[in-house]
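Peer 1: Got a structure for you, written out below as structure tokens; questions coming shortly.
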Amino acid sequence: MLAPAQTYCEKWQTCLDQIKSRTTEEEFVKWFQPIVPLEFDGTTLRLRVPNESYVRQIEKNYIPFLKPIISQLYGQQTRLHYAVPRSTPPAV
């Protein structure tokens with residue numbers, strides 16, 4: 001069963017509030033503010049990130065405190081899925 005959009009979006013806002021308290025303003029604005037929650041199906045939280053470097057940066061530097069926040073708000077079994085927009089090839 002799909003969770004209502006408002007519910008997982010509200011939880012994501014709570015998540016952002018907790019992240020904000022654990023990062024500098026600059027880190028928060030650069031790495032977390034651009035992330036958009038797309039859907040939560042009960043086990044996987046899909047987040048749209050601007051590009052691959054966000055995925056690497058978050059996984060490398062922020063996952064140690066991000067994962068417990070996600071688990072607390074969405075459930076212990078929640079997995080993160082990063083949706084990276086495809087880059088469009090330049091017009092010839």
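Order determines the names: the first chain of the structure tokens is A, the second B, and so forth; residues in each chain are numbered 1 upward, and ligands are numbered 1 upward as they are shown.
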I want to know what sits within 9 Å of Pro34 of chain A, based on only C-alpha atoms, with residues of the same chain fewer than 2 positions away left out; could you give that as a list in words?

Peer 2: Val29, Lys30, Trp31, Phe32, Val36, Arg48, Val49 and Pro50 of chain A

Peer 1: Would you kindly return, as a PyMOL selection string, each protein, DNA or RNA residue with an atom no farther than 12 Å from any atom of segment 16-20 of chain A, considering only C-alpha atoms and excluding same-chain residues fewer than 4 positions away?

Peer 2: chain A and resi 9-12+24-37+58+62-70+72-73

Peer 1: Which residues come within 6 Å of segment 76-85 of chain A, counting only C-alpha atoms, excluding same-chain residues fewer than 4 positions away, as a PDB file with C-alpha atoms, in the first residue's frame?

Peer 2:
ATOM      1  CA  THR A  43      10.269   0.036   2.235  1.00  0.00           C
ATOM      2  CA  THR A  44      12.032   2.308  -0.267  1.00  0.00           C
ATOM      3  CA  LEU A  45      12.278   6.072  -0.015  1.00  0.00           C
ATOM      4  CA  ARG A  46      12.980   7.565  -3.447  1.00  0.00           C
ATOM      5  CA  LEU A  47      14.792  10.891  -3.373  1.00  0.00           C
ATOM      6  CA  ARG A  48      15.522  13.027  -6.426  1.00  0.00           C
ATOM      7  CA  VAL A  49      19.019  14.465  -6.309  1.00  0.00           C
ATOM      8  CA  ASN A  51      23.361  14.648  -9.966  1.00  0.00           C
ATOM      9  CA  SER A  71      15.008   4.527  10.058  1.00  0.00           C
TER      10      SER A  71
END

Peer 1: Using DSSP on the backbone coordinates, identify all residues within chain A classified as strand (DSSP E); present the result as a ChimeraX atom specification.

Peer 2: /A:36-40,44-48,79-83

Peer 1: Go ahead and write the selection's residues with N, CA, C and O atoms as a PDB file, in the first residue's frame.

Peer 2:
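Once everything was written out, this is selection07.pdb:
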ATOM      1  N   VAL A  36      14.589  16.229  -3.289  1.00  0.00           N
ATOM      2  CA  VAL A  36      13.127  16.202  -3.321  1.00  0.00           C
ATOM      3  C   VAL A  36      12.639  14.769  -3.103  1.00  0.00           C
ATOM      4  O   VAL A  36      13.056  13.864  -3.826  1.00  0.00           O
ATOM      5  N   PRO A  37      11.766  14.550  -2.108  1.00  0.00           N
ATOM      6  CA  PRO A  37      11.213  13.207  -1.928  1.00  0.00           C
ATOM      7  C   PRO A  37      10.214  12.906  -3.047  1.00  0.00           C
ATOM      8  O   PRO A  37       9.339  13.718  -3.330  1.00  0.00           O
ATOM      9  N   LEU A  38      10.372  11.765  -3.702  1.00  0.00           N
ATOM     10  CA  LEU A  38       9.494  11.402  -4.815  1.00  0.00           C
ATOM     11  C   LEU A  38       8.390  10.452  -4.395  1.00  0.00           C
ATOM     12  O   LEU A  38       7.239  10.635  -4.754  1.00  0.00           O
ATOM     13  N   GLU A  39       8.759   9.409  -3.655  1.00  0.00           N
ATOM     14  CA  GLU A  39       7.745   8.468  -3.180  1.00  0.00           C
ATOM     15  C   GLU A  39       8.321   7.588  -2.091  1.00  0.00           C
ATOM     16  O   GLU A  39       9.539   7.450  -1.953  1.00  0.00           O
ATOM     17  N   PHE A  40       7.412   7.006  -1.330  1.00  0.00           N
ATOM     18  CA  PHE A  40       7.773   6.037  -0.304  1.00  0.00           C
ATOM     19  C   PHE A  40       6.755   4.913  -0.389  1.00  0.00           C
ATOM     20  O   PHE A  40       5.558   5.140  -0.243  1.00  0.00           O
ATOM     21  N   THR A  44      11.029   1.536   0.465  1.00  0.00           N
ATOM     22  CA  THR A  44      12.032   2.308  -0.267  1.00  0.00           C
ATOM     23  C   THR A  44      11.604   3.768  -0.350  1.00  0.00           C
ATOM     24  O   THR A  44      10.496   4.071  -0.787  1.00  0.00           O
ATOM     25  N   LEU A  45      12.502   4.638   0.087  1.00  0.00           N
ATOM     26  CA  LEU A  45      12.278   6.072  -0.015  1.00  0.00           C
ATOM     27  C   LEU A  45      13.057   6.567  -1.228  1.00  0.00           C
ATOM     28  O   LEU A  45      14.279   6.451  -1.264  1.00  0.00           O
ATOM     29  N   ARG A  46      12.333   7.049  -2.238  1.00  0.00           N
ATOM     30  CA  ARG A  46      12.980   7.565  -3.447  1.00  0.00           C
ATOM     31  C   ARG A  46      13.177   9.066  -3.304  1.00  0.00           C
ATOM     32  O   ARG A  46      12.234   9.801  -3.037  1.00  0.00           O
ATOM     33  N   LEU A  47      14.430   9.484  -3.477  1.00  0.00           N
ATOM     34  CA  LEU A  47      14.792  10.891  -3.373  1.00  0.00           C
ATOM     35  C   LEU A  47      15.409  11.355  -4.685  1.00  0.00           C
ATOM     36  O   LEU A  47      16.321  10.714  -5.200  1.00  0.00           O
ATOM     37  N   ARG A  48      14.914  12.464  -5.214  1.00  0.00           N
ATOM     38  CA  ARG A  48      15.522  13.027  -6.426  1.00  0.00           C
ATOM     39  C   ARG A  48      16.662  13.936  -6.006  1.00  0.00           C
ATOM     40  O   ARG A  48      16.491  14.830  -5.191  1.00  0.00           O
ATOM     41  N   ARG A  79      14.995   1.589   2.815  1.00  0.00           N
ATOM     42  CA  ARG A  79      16.180   1.749   1.973  1.00  0.00           C
ATOM     43  C   ARG A  79      16.047   3.059   1.215  1.00  0.00           C
ATOM     44  O   ARG A  79      14.948   3.492   0.891  1.00  0.00           O
ATOM     45  N   LEU A  80      17.188   3.659   0.921  1.00  0.00           N
ATOM     46  CA  LEU A  80      17.192   4.887   0.131  1.00  0.00           C
ATOM     47  C   LEU A  80      17.459   4.551  -1.328  1.00  0.00           C
ATOM     48  O   LEU A  80      18.300   3.710  -1.636  1.00  0.00           O
ATOM     49  N   HIS A  81      16.729   5.202  -2.203  1.00  0.00           N
ATOM     50  CA  HIS A  81      16.974   5.095  -3.643  1.00  0.00           C
ATOM     51  C   HIS A  81      17.119   6.517  -4.160  1.00  0.00           C
ATOM     52  O   HIS A  81      16.240   7.352  -3.946  1.00  0.00           O
ATOM     53  N   TYR A  82      18.243   6.773  -4.806  1.00  0.00           N
ATOM     54  CA  TYR A  82      18.489   8.112  -5.344  1.00  0.00           C
ATOM     55  C   TYR A  82      18.094   8.143  -6.812  1.00  0.00           C
ATOM     56  O   TYR A  82      18.588   7.339  -7.602  1.00  0.00           O
ATOM     57  N   ALA A  83      17.218   9.053  -7.147  1.00  0.00           N
ATOM     58  CA  ALA A  83      16.815   9.234  -8.540  1.00  0.00           C
ATOM     59  C   ALA A  83      17.625  10.403  -9.098  1.00  0.00           C
ATOM     60  O   ALA A  83      17.490  11.537  -8.642  1.00  0.00           O
TER      61      ALA A  83
END

Peer 1: Just to confirm, what's the straight-line distance from atom CA of Arg86 of chain A to atom CA of Thr23 of chain A in Å (one decimal)?

Peer 2: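 Atom-to-atom, atom CA of Arg86 of chain A to atom CA of Thr23 of chain A, that is 28.6 Å.
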
Peer 1: Could you work out how far atom CA of Gly75 of chain A lies from atom CA of Gln13 of chain A, giving the answer in Å with one decimal?

Peer 2: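 A separation of 15.7 Å between them.
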
Peer 1: Of the residues A:Arg22, A:Tyr74, A:Cys15, A:Thr7, which is the one nearest to Gly42 of chain A, using only C-alpha atoms?

Peer 2: A:Tyr74

Peer 1: Write down as an MDAnalysis selection string the residues of chain A whose backbone DSSP state falls under helix (DSSP H, G or I).

Peer 2: chainID A and resid 5:22 25:32 52:74

Peer 1: Keeping only C-alpha atoms, write the selected residues to a file as a short mmCIF file (atom, residue, chain, number, x, y, z; two decimals), in the first residue's frame.

Peer 2:
data_model
loop_
_atom_site.label_atom_id
_atom_site.label_comp_id
_atom_site.auth_asym_id
_atom_site.auth_seq_id
_atom_site.Cartn_x
_atom_site.Cartn_y
_atom_site.Cartn_z
CA ALA A 5 2.15 11.88 -0.41
CA GLN A 6 1.62 14.31 2.43
CA THR A 7 2.74 11.77 5.02
CA TYR A 8 6.14 10.93 3.54
CA CYS A 9 6.72 14.56 2.52
CA GLU A 10 5.96 15.70 6.07
CA LYS A 11 8.33 13.04 7.39
CA TRP A 12 10.98 14.25 4.95
CA GLN A 13 10.55 17.79 6.31
CA THR A 14 11.07 16.43 9.84
CA CYS A 15 14.14 14.60 8.53
CA LEU A 16 15.48 17.86 7.05
CA ASP A 17 14.91 19.64 10.37
CA GLN A 18 17.03 17.01 12.14
CA ILE A 19 19.71 17.14 9.44
CA LYS A 20 19.82 20.93 9.70
CA SER A 21 20.59 20.68 13.41
CA ARG A 22 23.57 18.38 12.68
CA GLU A 25 24.00 26.04 7.20
CA GLU A 26 26.29 25.88 4.17
CA GLU A 27 26.30 22.06 4.09
CA PHE A 28 22.55 21.91 4.51
CA VAL A 29 21.83 24.40 1.72
CA LYS A 30 24.32 22.77 -0.66
CA TRP A 31 23.65 19.06 -0.08
CA PHE A 32 20.16 18.63 1.39
CA GLU A 52 25.66 11.72 -9.14
CA SER A 53 28.01 13.84 -7.05
CA TYR A 54 25.20 14.32 -4.52
CA VAL A 55 24.85 10.56 -4.15
CA ARG A 56 28.59 10.14 -3.58
CA GLN A 57 28.77 13.06 -1.16
CA ILE A 58 25.78 11.95 0.91
CA GLU A 59 26.86 8.30 1.03
CA LYS A 60 30.45 9.24 1.92
CA ASN A 61 29.89 12.01 4.47
CA TYR A 62 26.33 12.03 5.77
CA ILE A 63 24.93 8.49 5.77
CA PRO A 64 26.20 7.72 9.35
CA PHE A 65 23.70 10.18 10.84
CA LEU A 66 21.18 10.22 7.99
CA LYS A 67 20.41 6.47 8.09
CA PRO A 68 19.26 6.47 11.76
CA ILE A 69 17.01 9.49 11.10
CA ILE A 70 15.46 7.75 8.07
CA SER A 71 15.01 4.53 10.06
CA GLN A 72 13.36 6.37 12.93
CA LEU A 73 10.92 8.28 10.71
CA TYR A 74 10.19 5.76 7.95
#
